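Dumped input37.pdb below, it's PDB, C-alpha atoms, pLDDT in the B column:
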```
ATOM      1  CA  MET O   1     -75.563  85.803  34.008  1.00 41.00           C
ATOM      2  CA  ASP O   2     -74.003  88.215  36.531  1.00 45.00           C
ATOM      3  CA  ASN O   3     -76.133  91.064  35.158  1.00 46.00           C
ATOM      4  CA  LEU O   4     -79.374  89.197  35.560  1.00 41.00           C
ATOM      5  CA  GLN O   5     -81.456  90.340  38.510  1.00 43.00           C
ATOM      6  CA  LYS O   6     -82.513  87.700  40.936  1.00 40.00           C
ATOM      7  CA  VAL O   7     -86.238  87.101  40.974  1.00 42.00           C
ATOM      8  CA  HIS O   8     -87.594  86.791  44.509  1.00 41.00           C
ATOM      9  CA  PRO O   9     -90.803  84.853  44.949  1.00 46.00           C
ATOM     10  CA  ARG O  10     -93.741  86.924  46.070  1.00 46.00           C
ATOM     11  CA  GLY O  11     -95.837  86.184  49.120  1.00 46.00           C
ATOM     12  CA  ARG O  12     -94.896  84.351  52.274  1.00 46.00           C
ATOM     13  CA  PRO O  13     -92.121  81.737  52.232  1.00 48.00           C
ATOM     14  CA  ARG O  14     -93.374  78.218  51.781  1.00 63.00           C
ATOM     15  CA  SER O  15     -92.266  77.265  55.296  1.00 84.00           C
ATOM     16  CA  VAL O  16     -94.373  80.076  56.769  1.00 86.00           C
ATOM     17  CA  GLU O  17     -97.351  79.061  54.637  1.00 90.00           C
ATOM     18  CA  ALA O  18     -96.977  75.450  55.731  1.00 91.00           C
ATOM     19  CA  GLU O  19     -96.815  76.398  59.407  1.00 93.00           C
ATOM     20  CA  ALA O  20     -99.909  78.591  59.093  1.00 92.00           C
ATOM     21  CA  ALA O  21    -101.769  75.771  57.321  1.00 94.00           C
ATOM     22  CA  ILE O  22    -100.791  73.296  60.051  1.00 95.00           C
ATOM     23  CA  ILE O  23    -101.931  75.622  62.852  1.00 95.00           C
ATOM     24  CA  ASP O  24    -105.213  76.337  61.048  1.00 94.00           C
ATOM     25  CA  ALA O  25    -105.801  72.634  60.468  1.00 95.00           C
ATOM     26  CA  THR O  26    -105.076  71.805  64.103  1.00 94.00           C
ATOM     27  CA  LEU O  27    -107.515  74.395  65.425  1.00 93.00           C
ATOM     28  CA  ASP O  28    -110.192  73.391  62.907  1.00 92.00           C
ATOM     29  CA  LEU O  29    -109.893  69.734  63.889  1.00 92.00           C
ATOM     30  CA  ILE O  30    -110.032  70.565  67.603  1.00 90.00           C
ATOM     31  CA  VAL O  31    -113.323  72.349  66.897  1.00 87.00           C
ATOM     32  CA  GLU O  32    -114.657  69.427  64.847  1.00 87.00           C
ATOM     33  CA  TRP O  33    -113.342  66.421  66.766  1.00 85.00           C
ATOM     34  CA  GLY O  34    -111.913  67.607  70.070  1.00 82.00           C
ATOM     35  CA  VAL O  35    -108.347  67.011  71.199  1.00 84.00           C
ATOM     36  CA  SER O  36    -108.638  63.314  72.045  1.00 82.00           C
ATOM     37  CA  ALA O  37    -109.504  62.309  68.492  1.00 84.00           C
ATOM     38  CA  LEU O  38    -106.922  64.614  66.948  1.00 88.00           C
ATOM     39  CA  SER O  39    -103.930  62.968  65.259  1.00 93.00           C
ATOM     40  CA  VAL O  40    -100.841  64.225  63.481  1.00 95.00           C
ATOM     41  CA  GLU O  41    -101.947  62.209  60.440  1.00 95.00           C
ATOM     42  CA  ALA O  42    -105.284  64.040  60.329  1.00 95.00           C
ATOM     43  CA  VAL O  43    -103.621  67.424  60.708  1.00 96.00           C
ATOM     44  CA  ALA O  44    -101.164  66.634  57.911  1.00 95.00           C
ATOM     45  CA  ALA O  45    -103.978  65.558  55.605  1.00 95.00           C
ATOM     46  CA  ARG O  46    -106.057  68.660  56.357  1.00 95.00           C
ATOM     47  CA  ALA O  47    -103.074  71.009  55.961  1.00 95.00           C
ATOM     48  CA  GLY O  48    -101.859  69.338  52.766  1.00 94.00           C
ATOM     49  CA  VAL O  49     -98.400  68.581  54.136  1.00 93.00           C
ATOM     50  CA  GLY O  50     -96.458  65.456  55.012  1.00 93.00           C
ATOM     51  CA  LYS O  51     -96.162  64.242  58.613  1.00 94.00           C
ATOM     52  CA  ALA O  52     -92.427  64.910  58.423  1.00 93.00           C
ATOM     53  CA  THR O  53     -93.165  68.611  57.900  1.00 94.00           C
ATOM     54  CA  ILE O  54     -95.079  68.654  61.190  1.00 95.00           C
ATOM     55  CA  TYR O  55     -92.478  66.660  63.118  1.00 94.00           C
ATOM     56  CA  ARG O  56     -89.732  69.019  61.955  1.00 92.00           C
ATOM     57  CA  ARG O  57     -91.514  71.795  63.848  1.00 93.00           C
ATOM     58  CA  TRP O  58     -93.181  70.005  66.758  1.00 95.00           C
ATOM     59  CA  PRO O  59     -91.981  66.853  68.593  1.00 93.00           C
ATOM     60  CA  GLY O  60     -95.519  65.484  68.878  1.00 92.00           C
ATOM     61  CA  LYS O  61     -99.231  66.079  69.133  1.00 91.00           C
ATOM     62  CA  GLU O  62     -99.121  67.672  72.602  1.00 89.00           C
ATOM     63  CA  GLU O  63     -96.619  70.337  71.570  1.00 92.00           C
ATOM     64  CA  LEU O  64     -98.569  71.031  68.371  1.00 94.00           C
ATOM     65  CA  VAL O  65    -101.843  71.473  70.262  1.00 91.00           C
ATOM     66  CA  GLU O  66    -100.176  73.745  72.830  1.00 89.00           C
ATOM     67  CA  ASP O  67     -98.669  75.953  70.133  1.00 92.00           C
ATOM     68  CA  ALA O  68    -101.931  76.058  68.169  1.00 92.00           C
ATOM     69  CA  LEU O  69    -103.915  77.110  71.238  1.00 90.00           C
ATOM     70  CA  SER O  70    -101.427  79.879  71.986  1.00 87.00           C
ATOM     71  CA  ARG O  71    -102.151  81.376  68.542  1.00 88.00           C
ATOM     72  CA  LEU O  72    -105.790  82.009  69.505  1.00 86.00           C
ATOM     73  CA  ASN O  73    -104.646  85.242  71.155  1.00 81.00           C
ATOM     74  CA  ASP O  74    -102.777  86.566  68.126  1.00 74.00           C
ATOM     75  CA  GLU O  75    -105.629  88.914  67.175  1.00 71.00           C
ATOM     76  CA  LEU O  76    -106.546  90.233  70.629  1.00 77.00           C
ATOM     77  CA  PRO O  77    -107.017  94.006  70.500  1.00 80.00           C
ATOM     78  CA  ARG O  78    -104.830  96.272  72.567  1.00 85.00           C
ATOM     79  CA  VAL O  79    -106.039  97.391  75.967  1.00 89.00           C
ATOM     80  CA  PRO O  80    -108.156 100.466  75.144  1.00 88.00           C
ATOM     81  CA  ASN O  81    -106.542 103.810  75.918  1.00 91.00           C
ATOM     82  CA  LEU O  82    -109.465 105.605  77.559  1.00 94.00           C
ATOM     83  CA  PRO O  83    -109.566 108.292  80.259  1.00 95.00           C
ATOM     84  CA  THR O  84    -110.943 106.203  83.146  1.00 96.00           C
ATOM     85  CA  VAL O  85    -110.700 102.647  84.429  1.00 96.00           C
ATOM     86  CA  ARG O  86    -114.486 102.382  84.185  1.00 96.00           C
ATOM     87  CA  GLU O  87    -114.423 103.208  80.462  1.00 96.00           C
ATOM     88  CA  GLN O  88    -111.555 100.802  79.840  1.00 96.00           C
ATOM     89  CA  LEU O  89    -113.305  97.939  81.614  1.00 96.00           C
ATOM     90  CA  ILE O  90    -116.597  98.584  79.820  1.00 96.00           C
ATOM     91  CA  ALA O  91    -114.812  98.542  76.447  1.00 94.00           C
ATOM     92  CA  MET O  92    -113.047  95.286  77.311  1.00 93.00           C
ATOM     93  CA  LEU O  93    -116.259  93.598  78.451  1.00 93.00           C
ATOM     94  CA  GLU O  94    -118.005  94.828  75.309  1.00 91.00           C
ATOM     95  CA  HIS O  95    -115.320  93.127  73.223  1.00 88.00           C
ATOM     96  CA  LEU O  96    -115.890  89.952  75.225  1.00 86.00           C
ATOM     97  CA  ARG O  97    -119.666  90.265  74.897  1.00 86.00           C
ATOM     98  CA  CYS O  98    -119.546  90.751  71.142  1.00 81.00           C
ATOM     99  CA  LYS O  99    -117.216  87.827  70.493  1.00 75.00           C
ATOM    100  CA  SER O 100    -119.265  85.317  68.584  1.00 64.00           C
ATOM    101  CA  SER O 101    -119.631  81.790  69.896  1.00 68.00           C
ATOM    102  CA  LYS O 102    -118.790  80.773  66.325  1.00 69.00           C
ATOM    103  CA  THR O 103    -115.196  81.977  66.618  1.00 77.00           C
ATOM    104  CA  ARG O 104    -112.555  79.309  67.130  1.00 81.00           C
ATOM    105  CA  THR O 105    -112.063  80.305  70.748  1.00 82.00           C
ATOM    106  CA  GLY O 106    -115.807  80.305  71.332  1.00 78.00           C
ATOM    107  CA  GLN O 107    -116.118  76.826  69.839  1.00 82.00           C
ATOM    108  CA  ILE O 108    -113.050  75.346  71.505  1.00 85.00           C
ATOM    109  CA  LEU O 109    -113.821  76.634  75.020  1.00 82.00           C
ATOM    110  CA  PRO O 110    -116.875  74.390  75.631  1.00 80.00           C
ATOM    111  CA  ARG O 111    -114.935  71.346  74.391  1.00 80.00           C
ATOM    112  CA  VAL O 112    -112.049  72.039  76.739  1.00 82.00           C
ATOM    113  CA  ILE O 113    -114.348  72.693  79.693  1.00 81.00           C
ATOM    114  CA  SER O 114    -116.202  69.443  79.052  1.00 79.00           C
ATOM    115  CA  MET O 115    -112.899  67.553  79.226  1.00 78.00           C
ATOM    116  CA  ALA O 116    -111.516  69.371  82.280  1.00 79.00           C
ATOM    117  CA  ALA O 117    -112.238  66.482  84.660  1.00 81.00           C
ATOM    118  CA  THR O 118    -110.779  63.765  82.431  1.00 83.00           C
ATOM    119  CA  GLN O 119    -107.949  65.785  80.851  1.00 81.00           C
ATOM    120  CA  PRO O 120    -106.772  68.300  83.477  1.00 84.00           C
ATOM    121  CA  ASP O 121    -103.448  68.759  81.666  1.00 83.00           C
ATOM    122  CA  LEU O 122    -105.314  70.053  78.605  1.00 82.00           C
ATOM    123  CA  MET O 123    -107.296  72.460  80.779  1.00 86.00           C
ATOM    124  CA  ARG O 124    -104.066  73.735  82.316  1.00 88.00           C
ATOM    125  CA  VAL O 125    -102.571  74.307  78.863  1.00 87.00           C
ATOM    126  CA  PHE O 126    -105.712  76.099  77.684  1.00 87.00           C
ATOM    127  CA  PHE O 127    -105.704  78.302  80.773  1.00 89.00           C
ATOM    128  CA  THR O 128    -102.002  79.129  80.439  1.00 90.00           C
ATOM    129  CA  LYS O 129    -102.021  79.750  76.685  1.00 87.00           C
ATOM    130  CA  VAL O 130    -105.486  81.243  76.107  1.00 88.00           C
ATOM    131  CA  ILE O 131    -107.253  82.372  79.262  1.00 90.00           C
ATOM    132  CA  ASP O 132    -104.415  83.808  81.350  1.00 93.00           C
ATOM    133  CA  PRO O 133    -103.120  86.222  78.662  1.00 90.00           C
ATOM    134  CA  ARG O 134    -106.669  87.572  78.441  1.00 90.00           C
ATOM    135  CA  ARG O 135    -106.863  87.908  82.214  1.00 94.00           C
ATOM    136  CA  GLU O 136    -103.559  89.795  82.129  1.00 94.00           C
ATOM    137  CA  ARG O 137    -105.216  92.529  80.078  1.00 94.00           C
ATOM    138  CA  PHE O 138    -107.734  93.041  82.885  1.00 96.00           C
ATOM    139  CA  ARG O 139    -104.967  92.866  85.494  1.00 96.00           C
ATOM    140  CA  SER O 140    -103.070  95.673  83.796  1.00 96.00           C
ATOM    141  CA  VAL O 141    -106.129  97.954  83.881  1.00 96.00           C
ATOM    142  CA  ILE O 142    -106.926  97.109  87.493  1.00 96.00           C
ATOM    143  CA  ARG O 143    -103.335  97.689  88.614  1.00 97.00           C
ATOM    144  CA  GLY O 144    -103.385 100.997  86.770  1.00 96.00           C
ATOM    145  CA  GLY O 145    -106.580 101.951  88.589  1.00 96.00           C
ATOM    146  CA  MET O 146    -105.035 101.045  91.923  1.00 96.00           C
ATOM    147  CA  ALA O 147    -102.009 103.203  91.126  1.00 96.00           C
ATOM    148  CA  SER O 148    -104.142 106.162  89.999  1.00 95.00           C
ATOM    149  CA  GLY O 149    -106.411 106.009  93.039  1.00 95.00           C
ATOM    150  CA  GLU O 150    -109.526 105.071  91.047  1.00 95.00           C
ATOM    151  CA  LEU O 151    -109.611 101.657  92.711  1.00 96.00           C
ATOM    152  CA  ARG O 152    -108.966 100.527  96.244  1.00 93.00           C
ATOM    153  CA  PRO O 153    -105.242 100.000  96.926  1.00 93.00           C
ATOM    154  CA  ASP O 154    -105.814  96.735  98.829  1.00 93.00           C
ATOM    155  CA  LEU O 155    -107.594  94.818  96.061  1.00 94.00           C
ATOM    156  CA  ASP O 156    -107.179  91.125  95.420  1.00 96.00           C
ATOM    157  CA  VAL O 157    -106.394  91.622  91.728  1.00 96.00           C
ATOM    158  CA  GLU O 158    -107.088  88.025  90.695  1.00 96.00           C
ATOM    159  CA  LEU O 159    -110.482  88.021  92.374  1.00 96.00           C
ATOM    160  CA  ALA O 160    -111.356  91.389  90.838  1.00 96.00           C
ATOM    161  CA  VAL O 161    -110.516  90.059  87.357  1.00 96.00           C
ATOM    162  CA  THR O 162    -112.727  87.037  87.949  1.00 96.00           C
ATOM    163  CA  MET O 163    -115.599  89.214  89.197  1.00 95.00           C
ATOM    164  CA  LEU O 164    -115.474  91.186  85.943  1.00 95.00           C
ATOM    165  CA  ALA O 165    -114.710  88.616  83.253  1.00 93.00           C
ATOM    166  CA  ALA O 166    -116.329  85.422  84.530  1.00 92.00           C
ATOM    167  CA  PRO O 167    -119.958  86.651  84.504  1.00 92.00           C
ATOM    168  CA  MET O 168    -119.695  87.776  80.875  1.00 90.00           C
ATOM    169  CA  MET O 169    -118.088  84.483  79.844  1.00 86.00           C
ATOM    170  CA  TYR O 170    -120.891  82.629  81.638  1.00 87.00           C
ATOM    171  CA  LEU O 171    -123.582  84.720  79.935  1.00 87.00           C
ATOM    172  CA  ASN O 172    -121.984  84.086  76.540  1.00 82.00           C
ATOM    173  CA  LEU O 173    -121.854  80.333  77.185  1.00 80.00           C
ATOM    174  CA  MET O 174    -125.490  80.313  78.300  1.00 81.00           C
ATOM    175  CA  GLN O 175    -126.855  82.484  75.509  1.00 74.00           C
ATOM    176  CA  ALA O 176    -128.538  79.545  73.763  1.00 64.00           C
ATOM    177  CA  GLY O 177    -130.916  79.378  76.719  1.00 77.00           C
ATOM    178  CA  MET O 178    -130.745  82.860  78.218  1.00 79.00           C
ATOM    179  CA  GLY O 179    -130.294  84.893  75.059  1.00 77.00           C
ATOM    180  CA  ARG O 180    -127.329  87.017  74.011  1.00 79.00           C
ATOM    181  CA  PRO O 181    -126.216  89.561  76.634  1.00 86.00           C
ATOM    182  CA  SER O 182    -127.568  93.019  75.798  1.00 87.00           C
ATOM    183  CA  PRO O 183    -125.367  96.070  75.068  1.00 84.00           C
ATOM    184  CA  SER O 184    -126.233  97.431  78.517  1.00 92.00           C
ATOM    185  CA  THR O 185    -124.810  94.360  80.269  1.00 93.00           C
ATOM    186  CA  SER O 186    -121.193  95.550  80.164  1.00 94.00           C
ATOM    187  CA  VAL O 187    -122.047  98.891  81.756  1.00 95.00           C
ATOM    188  CA  ALA O 188    -124.245  97.300  84.417  1.00 95.00           C
ATOM    189  CA  LEU O 189    -121.633  94.661  85.264  1.00 94.00           C
ATOM    190  CA  VAL O 190    -118.751  97.138  85.538  1.00 95.00           C
ATOM    191  CA  ASP O 191    -120.785  99.542  87.661  1.00 95.00           C
ATOM    192  CA  LEU O 192    -121.905  96.717  89.939  1.00 93.00           C
ATOM    193  CA  VAL O 193    -118.322  95.524  90.482  1.00 94.00           C
ATOM    194  CA  LEU O 194    -116.924  99.046  90.851  1.00 92.00           C
ATOM    195  CA  GLY O 195    -119.364  99.526  93.712  1.00 90.00           C
ATOM    196  CA  GLY O 196    -117.207  97.090  95.630  1.00 87.00           C
ATOM    197  CA  ILE O 197    -113.709  97.712  94.283  1.00 84.00           C
ATOM    198  CA  GLY O 198    -113.831 101.449  93.598  1.00 85.00           C
ATOM    199  CA  ALA O 199    -111.928 103.840  95.828  1.00 83.00           C
ATOM    200  CA  VAL O 200    -113.950 105.163  98.753  1.00 72.00           C
ATOM    201  CA  SER O 201    -114.597 108.903  98.581  1.00 66.00           C
ATOM    202  CA  GLU O 202    -113.620 110.866 101.649  1.00 59.00           C
TER
END
```

Any chance you could put this one into structure tokens?
Amino acid sequence: MDNLQKVHPRGRPRSVEAEAAIIDATLDLIVEWGVSALSVEAVAARAGVGKATIYRRWPGKEELVEDALSRLNDELPRVPNLPTVREQLIAMLEHLRCKSSKTRTGQILPRVISMAATQPDLMRVFFTKVIDPRRERFRSVIRGGMASGELRPDLDVELAVTMLAAPMMYLNLMQAGMGRPSPSTSVALVDLVLGGIGAVSE
């Protein structure tokens, strides 16, 4: 027996597979039903696990939803390494423009917004876990531009991020009525904003 080699199972450990299935099920059910109608029982049934498996990892529904929402940023691309702030911002807005409304984030966002007045705690969680990490990517580029002299040194960074990202998010949300933003939108939007936040030439 001592000479026999141990056979290690291939693939991810079962616990990792179960966790991934639970997160996927939670996000799918948020898309289909919204958060209010979501239950641990429904998640367990969709994921093919017992409720005890969920409760071993998360104390309750709120913690599960918070963790699931935080995973929406797992596949965000890196901030593009391009020569100028203008090019970086255009590339980042292009990524935002091209994100389909059929992605999980694109489908969950309208649901969360619609519940912002009645469930402000959910909106705060969504902002903290999903929106703010995305805003931080823009902040890093803007701060870099301030340090390099490409942008004004006295900028309100938060307002500058909003001026860049919010219009594209709005256009994406409104595309059913207004049509999908065109490829030229990112360039036009960045150039319009840079007219106000760019460094003044002597």

Which residues are close to Arg71 in chain O, i.e. within 12 Å by all atoms listed in the file, leaving aside same-chain residues fewer than 6 positions away? Reply as a list in words.
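That gives Glu19, Ala20, Ile22, Ile23, Asp24, Thr26, Leu27, Leu64, Val65, Arg104, Thr105, Phe126, Lys129, Val130, Ile131 and Pro133 of chain O.
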
Which residues are near Arg139 in chain O? Cut-off 12 Å, only C-alpha atoms, ignore same chain within fewer than 2 positions. Put them as a ChimeraX atom specification.
/O:79,85,88-89,92,132-137,141-146,155-165

As a check of understanding, name the residues that the PyMOL selection byres ((chain O and resi 198) around 10) selects in the supplied structure, as a PyMOL selection string.
chain O and resi 85-86+145-146+149-153+155+191+193-197+199-201

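Counting from CA of Ser70 in chain O, the distance to CA of Val125 in chain O is 8.9 Å.
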
One number please: CA of Ile90 in chain O to CA of Val187 in chain O, in Å, one decimal.
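That distance, rounded to one decimal, is 5.8 Å.
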
CA of Gly179 in chain O to CA of Arg111 in chain O: how many Å, to one decimal?
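According to the coordinates, CA of Gly179 in chain O and CA of Arg111 in chain O are separated by 20.5 Å.
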
Minimum-distance residue to Cys98 in chain O, chosen among O:Val49, O:Ala42, O:Leu82, O:Met168 (using only C-alpha atoms):
O:Met168

With only C-alpha atoms as the basis for distance, which of O:Arg180, O:Glu87, O:Ser15, O:Ile30 is at the shortest distance from Pro110 in chain O?
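When distances to Pro110 in chain O are compared using only C-alpha atoms, the smallest one comes from O:Ile30.
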
Smallest atom-to-atom distance to Ile113 in chain O: which of O:Leu173, O:Val43, O:Ala188, O:Ala25, using all atoms listed in the file?
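Result for the nearest residue to Ile113 in chain O: O:Leu173.
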
Box dimensions and centre (Å, one decimal) enclosing range 146-152 of chain O, axis-aligned, 6 Å extra per side, as JSON:
```
{"center_x": -105.8, "center_y": 103.3, "center_z": 93.1, "size_x": 19.6, "size_y": 17.6, "size_z": 18.2}
```

Which is closest to Lys99 in chain O among O:Pro59, O:Pro83, O:Pro77, O:Gly48, if we use only C-alpha atoms?
O:Pro77
